[in-house]
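Dumped my_file-v2.cif below, it's mmCIF, C-alpha atoms:
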```
data_my_file
#
loop_
_atom_site.label_atom_id
_atom_site.label_comp_id
_atom_site.auth_asym_id
_atom_site.auth_seq_id
_atom_site.Cartn_x
_atom_site.Cartn_y
_atom_site.Cartn_z
CA MET A 275 95.73 65.18 111.41
CA GLU A 276 95.06 66.94 108.09
CA THR A 277 92.64 65.38 105.65
CA SER A 278 92.53 66.26 101.96
CA VAL A 279 89.07 66.77 100.51
CA GLY A 280 89.18 66.37 96.74
CA VAL A 281 87.08 68.82 94.72
CA GLY A 282 86.41 67.18 91.36
CA LEU A 283 85.34 68.64 88.04
CA GLY A 284 82.24 70.75 88.48
CA GLU A 285 82.23 70.33 92.25
CA ILE A 286 82.15 72.75 95.17
CA ALA A 287 83.43 72.08 98.68
CA VAL A 288 82.84 74.31 101.71
CA SER A 289 84.37 73.56 105.09
CA GLN A 290 84.91 74.91 108.59
CA ASN A 291 86.86 71.87 109.69
CA CYS A 292 90.36 73.07 110.61
CA GLU A 293 91.81 69.67 109.84
CA GLU A 294 90.70 69.72 106.22
CA ILE A 295 92.51 70.82 103.09
CA LEU A 296 90.30 71.43 100.05
CA VAL A 297 92.10 70.30 96.91
CA ALA A 298 91.44 70.71 93.20
CA PHE A 299 93.92 68.32 91.61
CA GLY A 300 95.37 68.94 88.18
CA LEU A 301 93.62 72.14 87.08
CA GLY A 302 94.40 72.28 83.36
CA SER A 303 92.02 74.53 81.49
CA CYS A 304 89.69 74.32 84.47
CA VAL A 305 89.67 77.24 86.84
CA GLY A 306 89.68 76.97 90.62
CA ILE A 307 88.01 79.73 92.64
CA GLY A 308 89.05 79.75 96.29
CA ALA A 309 87.32 81.84 98.95
CA TYR A 310 87.93 82.26 102.69
CA ASP A 311 86.12 84.15 105.45
CA PRO A 312 88.76 84.65 108.15
CA VAL A 313 86.29 85.71 110.84
CA LYS A 314 84.17 82.58 110.62
CA GLY A 315 86.98 80.36 109.38
CA ILE A 316 84.96 79.14 106.40
CA ALA A 317 86.78 78.01 103.26
CA GLY A 318 85.25 77.23 99.87
CA LEU A 319 86.61 75.91 96.59
CA LEU A 320 84.96 75.65 93.17
CA HIS A 321 86.45 73.53 90.39
CA ALA A 322 84.82 74.97 87.26
CA VAL A 323 85.24 73.36 83.84
CA LEU A 324 83.62 75.55 81.22
CA PRO A 325 82.86 79.26 80.93
CA GLU A 326 79.17 78.95 80.09
CA PRO A 327 76.53 76.44 78.99
CA LEU A 328 76.13 75.67 75.31
CA ASN A 329 72.67 75.69 73.77
CA GLY A 330 70.96 76.57 77.05
CA SER A 331 71.53 73.10 78.43
CA ASP A 332 72.37 72.13 82.01
CA LEU A 333 72.02 75.71 83.19
CA SER A 334 72.20 74.97 86.91
CA SER A 335 75.40 72.96 86.79
CA THR A 336 78.35 74.15 88.84
CA LYS A 337 80.72 72.99 86.13
CA TYR A 338 80.10 76.40 84.55
CA VAL A 339 82.13 79.28 85.99
CA GLY A 340 79.30 81.78 86.50
CA ASN A 341 76.81 79.44 88.11
CA GLY A 342 79.55 77.78 90.09
CA ILE A 343 80.66 81.07 91.63
CA TYR A 344 77.10 81.98 92.63
CA LYS A 345 76.60 78.57 94.21
CA LEU A 346 79.95 78.75 96.01
CA PHE A 347 79.04 82.07 97.61
CA GLU A 348 75.50 80.89 98.37
CA GLU A 349 76.79 77.85 100.19
CA MET A 350 79.41 79.77 102.14
CA ILE A 351 76.90 82.44 103.16
CA SER A 352 74.44 79.76 104.27
CA LYS A 353 77.10 78.59 106.70
CA GLY A 354 77.63 82.08 108.08
CA ALA A 355 80.26 83.62 105.83
CA VAL A 356 79.95 87.31 104.97
CA LYS A 357 80.44 87.92 101.25
CA GLU A 358 82.24 91.23 101.73
CA ARG A 359 84.85 89.51 103.92
CA LEU A 360 85.74 86.79 101.44
CA ILE A 361 89.39 86.62 100.46
CA ILE A 362 89.36 85.32 96.89
CA ARG A 363 92.14 83.76 94.81
CA ILE A 364 91.85 82.08 91.43
CA ALA A 365 94.09 79.54 89.71
CA GLY A 366 94.19 77.43 86.60
CA GLY A 367 92.88 78.32 83.16
CA ALA A 368 95.92 76.95 81.33
CA ASN A 369 95.88 76.41 77.60
CA MET A 370 96.49 72.68 77.38
CA LEU A 371 96.17 72.39 73.61
CA THR A 372 99.42 73.43 72.04
CA SER A 373 98.87 72.29 68.43
CA PRO A 374 99.15 75.18 65.99
CA GLY A 375 95.74 76.24 64.71
CA LEU A 376 93.89 74.54 67.54
CA SER A 377 95.23 76.27 70.61
CA LYS A 378 93.39 79.55 70.13
CA THR A 379 90.15 78.03 68.88
CA PHE A 380 89.67 75.79 71.86
CA ASP A 381 91.36 77.97 74.47
CA ILE A 382 88.91 77.05 77.20
CA GLY A 383 91.39 78.06 79.86
CA THR A 384 91.56 81.69 78.79
CA ARG A 385 87.79 81.82 78.44
CA ASN A 386 87.34 80.34 81.90
CA ILE A 387 89.61 82.98 83.41
CA ALA A 388 87.83 85.78 81.54
CA MET A 389 84.44 84.54 82.73
CA ALA A 390 85.66 84.26 86.33
CA LEU A 391 87.01 87.81 86.28
CA LYS A 392 83.79 89.12 84.74
CA VAL A 393 81.49 87.34 87.19
CA LEU A 394 83.53 88.37 90.20
CA GLU A 395 83.61 91.97 89.00
CA ASN A 396 79.84 91.91 88.56
CA GLN A 397 79.59 90.61 92.11
CA ARG A 398 81.87 93.47 93.23
CA MET A 399 84.34 90.95 94.57
CA LYS A 400 88.05 91.74 94.47
CA ILE A 401 90.56 89.04 93.65
CA VAL A 402 93.49 89.13 96.03
CA SER A 403 95.81 87.06 93.85
CA GLN A 404 95.78 84.77 90.85
CA ASN A 405 97.98 82.09 89.36
CA VAL A 406 96.51 81.50 85.93
CA GLY A 407 97.31 80.86 82.29
CA GLY A 408 100.37 79.23 80.81
CA ASN A 409 100.44 75.70 79.46
CA THR A 410 100.90 73.65 82.61
CA GLY A 411 98.43 72.11 85.03
CA ARG A 412 98.22 73.09 88.67
CA THR A 413 96.94 71.64 91.92
CA PHE A 414 95.15 74.21 94.08
CA ARG A 415 94.88 73.73 97.84
CA ILE A 416 93.06 75.68 100.55
CA TYR A 417 94.03 75.00 104.17
CA VAL A 418 90.84 75.53 106.18
CA ALA A 419 92.81 76.08 109.40
CA ASP A 420 94.09 79.47 108.28
CA GLY A 421 92.84 80.08 104.74
CA LYS A 422 96.28 79.64 103.20
CA MET A 423 96.00 78.90 99.47
CA THR A 424 98.74 77.19 97.50
CA ILE A 425 99.57 76.12 94.00
CA ARG A 426 101.73 73.23 92.90
CA MET A 427 102.72 73.08 89.25
CA ILE A 428 103.86 69.74 87.85
CA GLY A 429 107.48 69.14 88.75
CA GLU A 430 107.63 72.08 91.15
CA LYS A 431 107.16 72.71 94.86
CA GLU A 432 103.95 73.81 96.52
CA THR A 433 103.93 77.58 96.90
CA VAL A 434 101.63 80.03 98.62
CA PHE A 435 100.02 82.58 96.33
CA MET B 81 72.48 105.25 121.84
CA ALA B 82 75.56 103.25 120.94
CA LYS B 83 78.95 104.93 121.08
CA ILE B 84 81.42 104.24 118.29
CA LEU B 85 85.12 105.14 118.32
CA VAL B 86 86.37 105.81 114.77
CA VAL B 87 90.14 105.55 114.40
CA ASP B 88 91.85 106.57 111.16
CA ASP B 89 94.72 108.94 110.38
CA ALA B 90 92.84 110.19 107.30
CA GLU B 91 90.59 113.01 108.46
CA PHE B 92 88.31 112.82 105.44
CA LEU B 93 87.57 109.15 106.24
CA ARG B 94 86.86 109.90 109.88
CA VAL B 95 84.50 112.67 108.81
CA ARG B 96 82.80 110.46 106.23
CA ILE B 97 82.25 107.59 108.64
CA SER B 98 81.15 109.95 111.42
CA LYS B 99 78.53 111.62 109.23
CA MET B 100 77.26 108.22 108.17
CA LEU B 101 76.96 106.95 111.72
CA VAL B 102 75.58 110.12 113.32
CA GLY B 103 72.93 110.10 110.61
CA ASP B 104 71.96 106.62 111.77
CA GLY B 105 71.73 107.66 115.39
CA TYR B 106 75.11 106.62 116.73
CA GLU B 107 77.30 108.75 118.99
CA VAL B 108 80.78 109.06 117.46
CA ILE B 109 84.20 109.78 118.96
CA GLU B 110 87.25 110.13 116.70
CA ALA B 111 90.95 109.39 117.10
CA GLU B 112 93.69 109.87 114.52
CA ASN B 113 96.06 107.12 115.62
CA GLY B 114 96.25 104.01 117.75
CA LEU B 115 97.74 105.72 120.78
CA LEU B 116 94.97 108.33 120.93
CA ALA B 117 92.48 105.50 120.33
CA LEU B 118 93.76 103.64 123.37
CA ASN B 119 93.41 106.75 125.52
CA ALA B 120 89.95 107.44 124.12
CA TYR B 121 88.90 103.85 124.76
CA LYS B 122 89.89 104.06 128.41
CA ALA B 123 88.14 107.41 128.86
CA GLU B 124 84.97 106.87 126.83
CA LYS B 125 84.33 103.09 126.88
CA PRO B 126 82.78 102.95 123.40
CA ASP B 127 80.57 100.06 122.39
CA VAL B 128 82.55 99.35 119.21
CA VAL B 129 85.83 100.57 117.73
CA LEU B 130 86.33 100.98 113.98
CA MET B 131 90.11 100.76 113.61
CA ASP B 132 92.26 101.57 110.61
CA ILE B 133 95.42 99.51 110.25
CA THR B 134 98.18 101.75 108.98
CA MET B 135 98.60 104.79 111.24
CA PRO B 136 101.48 106.78 112.76
CA GLU B 137 102.40 106.65 116.49
CA MET B 138 100.65 103.30 116.97
CA ASP B 139 99.27 101.11 114.19
CA GLY B 140 95.86 99.46 114.31
CA LEU B 141 97.06 95.95 115.12
CA THR B 142 99.08 97.17 118.11
CA ALA B 143 96.22 99.37 119.27
CA LEU B 144 93.83 96.42 119.00
CA ARG B 145 96.05 94.35 121.26
CA GLU B 146 96.50 97.20 123.74
CA ILE B 147 92.74 97.80 123.92
CA LEU B 148 92.07 94.11 124.43
CA ALA B 149 94.65 94.09 127.22
CA VAL B 150 92.60 96.82 128.93
CA ASP B 151 89.24 95.25 128.12
CA SER B 152 89.17 91.66 126.90
CA GLY B 153 85.56 92.10 125.81
CA ALA B 154 86.29 95.07 123.54
CA LYS B 155 84.60 94.91 120.16
CA VAL B 156 86.94 96.07 117.44
CA ILE B 157 86.31 96.04 113.69
CA MET B 158 89.37 96.58 111.50
CA LEU B 159 89.19 98.92 108.48
CA THR B 160 91.50 97.54 105.84
CA ALA B 161 92.69 98.16 102.34
CA LEU B 162 92.98 95.39 99.76
CA GLY B 163 96.40 93.82 100.15
CA GLN B 164 96.42 93.84 103.92
CA GLU B 165 95.06 90.32 104.25
CA SER B 166 97.94 89.01 106.34
CA VAL B 167 97.47 91.81 108.88
CA VAL B 168 93.73 91.19 108.90
CA LEU B 169 94.28 87.51 109.63
CA GLU B 170 96.62 88.47 112.45
CA ALA B 171 94.05 90.91 113.80
CA ILE B 172 91.31 88.28 113.76
CA LYS B 173 93.60 85.85 115.58
CA SER B 174 94.35 88.61 118.11
CA GLY B 175 90.67 89.19 118.82
CA ALA B 176 89.20 91.60 116.27
CA LYS B 177 85.53 90.75 115.69
CA ASP B 178 85.26 91.67 112.02
CA PHE B 179 86.91 93.61 109.21
CA ILE B 180 85.64 95.92 106.50
CA VAL B 181 87.53 96.48 103.25
CA LYS B 182 87.84 100.00 101.91
CA PRO B 183 86.24 101.53 99.98
CA PHE B 184 83.24 100.46 101.99
CA GLU B 185 79.52 101.01 101.64
CA ARG B 186 77.22 102.27 104.34
CA ASP B 187 75.24 99.04 104.55
CA ARG B 188 78.38 97.03 105.22
CA VAL B 189 79.46 99.33 108.08
CA VAL B 190 76.03 99.56 109.66
CA GLY B 191 75.43 95.83 109.24
CA ALA B 192 78.72 95.01 110.96
CA LEU B 193 77.91 97.35 113.86
CA GLN B 194 74.41 95.94 114.27
CA LYS B 195 75.76 92.39 114.44
CA LEU B 196 78.01 93.35 117.34
CA ILE B 197 75.72 95.72 119.20
CA GLY B 198 72.40 94.07 118.44
#
```
Would you write the structure of this file as structure tokens?
Amino acid sequence: METSVGVGLGEIAVSQNCEEILVAFGLGSCVGIGAYDPVKGIAGLLHAVLPEPLNGSDLSSTKYVGNGIYKLFEEMISKGAVKERLIIRIAGGANMLTSPGLSKTFDIGTRNIAMALKVLENQRMKIVSQNVGGNTGRTFRIYVADGKMTIRMIGEKETVF
Amino acid sequence: MAKILVVDDAEFLRVRISKMLVGDGYEVIEAENGLLALNAYKAEKPDVVLMDITMPEMDGLTALREILAVDSGAKVIMLTALGQESVVLEAIKSGAKDFIVKPFERDRVVGALQKLIG
């Protein structure tokens, strides 16, 4: 029987349990980074909130995209995943503020996506697919049994991406 | 000295991988498609097969299954391009031991071989 494992703001979950589904609910401006090693059957999901720390504070927190990605890979590798085998998909990074004059200033979503792309490129990791941007939240799921990753936008059906 | 069967329809890739592996002390046999790979496997009994996916005559996934039908203990590593994830997942389910995404680096190839051969 499948069990959903919620991955909250700033959290990472890594699993080899075929009955688990890792879920980041309601990704607004947050970005979800999903990774899967199909040989070892290890799935990982990061729910990052902000692109980078402000004022040098809280540097080790996984709520920041860069540090979160490093920690996600570190944890997956510690369980036996091989970094070069990871199938990576990203989702989220919506612009949730739609007021004129504010939306660009505080466009955390776009900045989160940009940071994720930059960090992954620096890590020489290729993104297989992405479902990002727009103005609507998403729920991101990873099925540990087979590495399938899905998105469900509000009011729409769950779709594989 | 471990024997590696390199299977890819692109000659330049076979040559590149062969040079890399011979330089590291491996014995290398080449095949340009899955059907020739199957025949080579039966004749040469390599320690590991590096198998491309998209090839004429017989593709890599089919060849993997045929080789495993001959030898259930065969060690096959798939060579894949980005975008072939669904085939890779199918190959892993069918019994491939690992996969390497092109363009690959020497350390990744050698590391994968060492894990299987020891």
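Minimum atom-to-atom distances from A:Val313, A:Ala419, A:Leu346, A:Met370 to chain B were compared using all atoms listed in the file, and the lowest value belongs to A:Val313.
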Restrict the calculation to all atoms listed in the file, then for each residue of chain A with any atom at most 7 Å from an atom of chain B give the closest atom pair and their distance in Å to one decimal, rows by chain and rising residue number, as CSV.
```
residue,atom,partner,partner_atom,distance
A:Pro312,CA,B:Leu169,CA,6.4
A:Val313,CA,B:Asp178,CA,6.2
A:Arg359,CA,B:Ile180,CA,7.0
A:Val402,CA,B:Gly163,CA,6.9
```
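The space between CA of Thr336 in chain A and CA of Thr384 in chain A spans 18.2 Å.
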| task | Give as a PyMOL selection string the residues that the PyMOL selection byres ((chain B and resi 133) around 12) matches when applied to the coordinates above. | result | chain B and resi 86-90+112-114+130-132+134-144+156-168+170-171+176+179-182
| task | Would you translate the PyMOL selection byres ((chain A and resi 321) around 9) into the concrete set of residues it matches in this file, as a PyMOL selection string? | result | chain A and resi 281-287+298+301+304-308+319-320+322-323+336-337+339+342
| request: Check the smallest atom-to-atom distance from each of A:Ala355, A:Ile416, A:Ala309, A:Leu324 to Arg385 in chain A using only C-alpha atoms, then report the winner. | output: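 Using only C-alpha atoms, the shortest distance to Arg385 in chain A belongs to A:Leu324.
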| said: Please expand the PyMOL selection byres ((chain A and resi 297) around 7) into the concrete residues it hits in this file, giving the result as JSON, numbers by chain. | reply: {"A": [278, 279, 280, 281, 295, 296, 298, 299, 414, 415, 416]}
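All residues of protein, DNA or RNA that reach within 12 Å of Met100 in chain B, judged by all atoms listed in the file and not counting those fewer than 4 positions away in the chain, are Ile84, Val86, Leu93, Arg94, Val95, Arg96, Asp104, Gly105, Tyr106, Glu107, Val108, Phe184, Glu185, Arg186, Asp187, Arg188, Val189 and Val190 of chain B.
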| said: Could you check which residues have any atom within 12 Å of (86.7, 110.5, 125.5), counting all atoms listed in the file with coordinates taken straight from the file, and then list them as an MDAnalysis selection string? | reply: chainID B and resid 83:86 107:111 116:126
Those same residues - C-alpha atoms - I'd like them written as a PDB file, in the frame of the given file.
```
ATOM      1  CA  LYS B  83      78.950 104.930 121.080  1.00  0.00           C
ATOM      2  CA  ILE B  84      81.420 104.240 118.290  1.00  0.00           C
ATOM      3  CA  LEU B  85      85.120 105.140 118.320  1.00  0.00           C
ATOM      4  CA  VAL B  86      86.370 105.810 114.770  1.00  0.00           C
ATOM      5  CA  GLU B 107      77.300 108.750 118.990  1.00  0.00           C
ATOM      6  CA  VAL B 108      80.780 109.060 117.460  1.00  0.00           C
ATOM      7  CA  ILE B 109      84.200 109.780 118.960  1.00  0.00           C
ATOM      8  CA  GLU B 110      87.250 110.130 116.700  1.00  0.00           C
ATOM      9  CA  ALA B 111      90.950 109.390 117.100  1.00  0.00           C
ATOM     10  CA  LEU B 116      94.970 108.330 120.930  1.00  0.00           C
ATOM     11  CA  ALA B 117      92.480 105.500 120.330  1.00  0.00           C
ATOM     12  CA  LEU B 118      93.760 103.640 123.370  1.00  0.00           C
ATOM     13  CA  ASN B 119      93.410 106.750 125.520  1.00  0.00           C
ATOM     14  CA  ALA B 120      89.950 107.440 124.120  1.00  0.00           C
ATOM     15  CA  TYR B 121      88.900 103.850 124.760  1.00  0.00           C
ATOM     16  CA  LYS B 122      89.890 104.060 128.410  1.00  0.00           C
ATOM     17  CA  ALA B 123      88.140 107.410 128.860  1.00  0.00           C
ATOM     18  CA  GLU B 124      84.970 106.870 126.830  1.00  0.00           C
ATOM     19  CA  LYS B 125      84.330 103.090 126.880  1.00  0.00           C
ATOM     20  CA  PRO B 126      82.780 102.950 123.400  1.00  0.00           C
TER      21      PRO B 126
END
```
Here's a test: counting all atoms listed in the file, identify every protein, DNA and RNA residue with an atom at most 10 Å from (82.6, 86.5, 101.3) in the file's coordinate frame, and state them as a CSV table (one decimal) with C-alpha atoms, keeping the file's coordinate frame.
```csv
chain,number,residue,atom,x,y,z
A,309,ALA,CA,87.3,81.8,99.0
A,310,TYR,CA,87.9,82.3,102.7
A,311,ASP,CA,86.1,84.2,105.4
A,312,PRO,CA,88.8,84.6,108.2
A,316,ILE,CA,85.0,79.1,106.4
A,317,ALA,CA,86.8,78.0,103.3
A,318,GLY,CA,85.2,77.2,99.9
A,346,LEU,CA,80.0,78.8,96.0
A,347,PHE,CA,79.0,82.1,97.6
A,348,GLU,CA,75.5,80.9,98.4
A,350,MET,CA,79.4,79.8,102.1
A,351,ILE,CA,76.9,82.4,103.2
A,354,GLY,CA,77.6,82.1,108.1
A,355,ALA,CA,80.3,83.6,105.8
A,356,VAL,CA,80.0,87.3,105.0
A,357,LYS,CA,80.4,87.9,101.2
A,358,GLU,CA,82.2,91.2,101.7
A,359,ARG,CA,84.8,89.5,103.9
A,360,LEU,CA,85.7,86.8,101.4
A,361,ILE,CA,89.4,86.6,100.5
A,362,ILE,CA,89.4,85.3,96.9
A,399,MET,CA,84.3,91.0,94.6
```
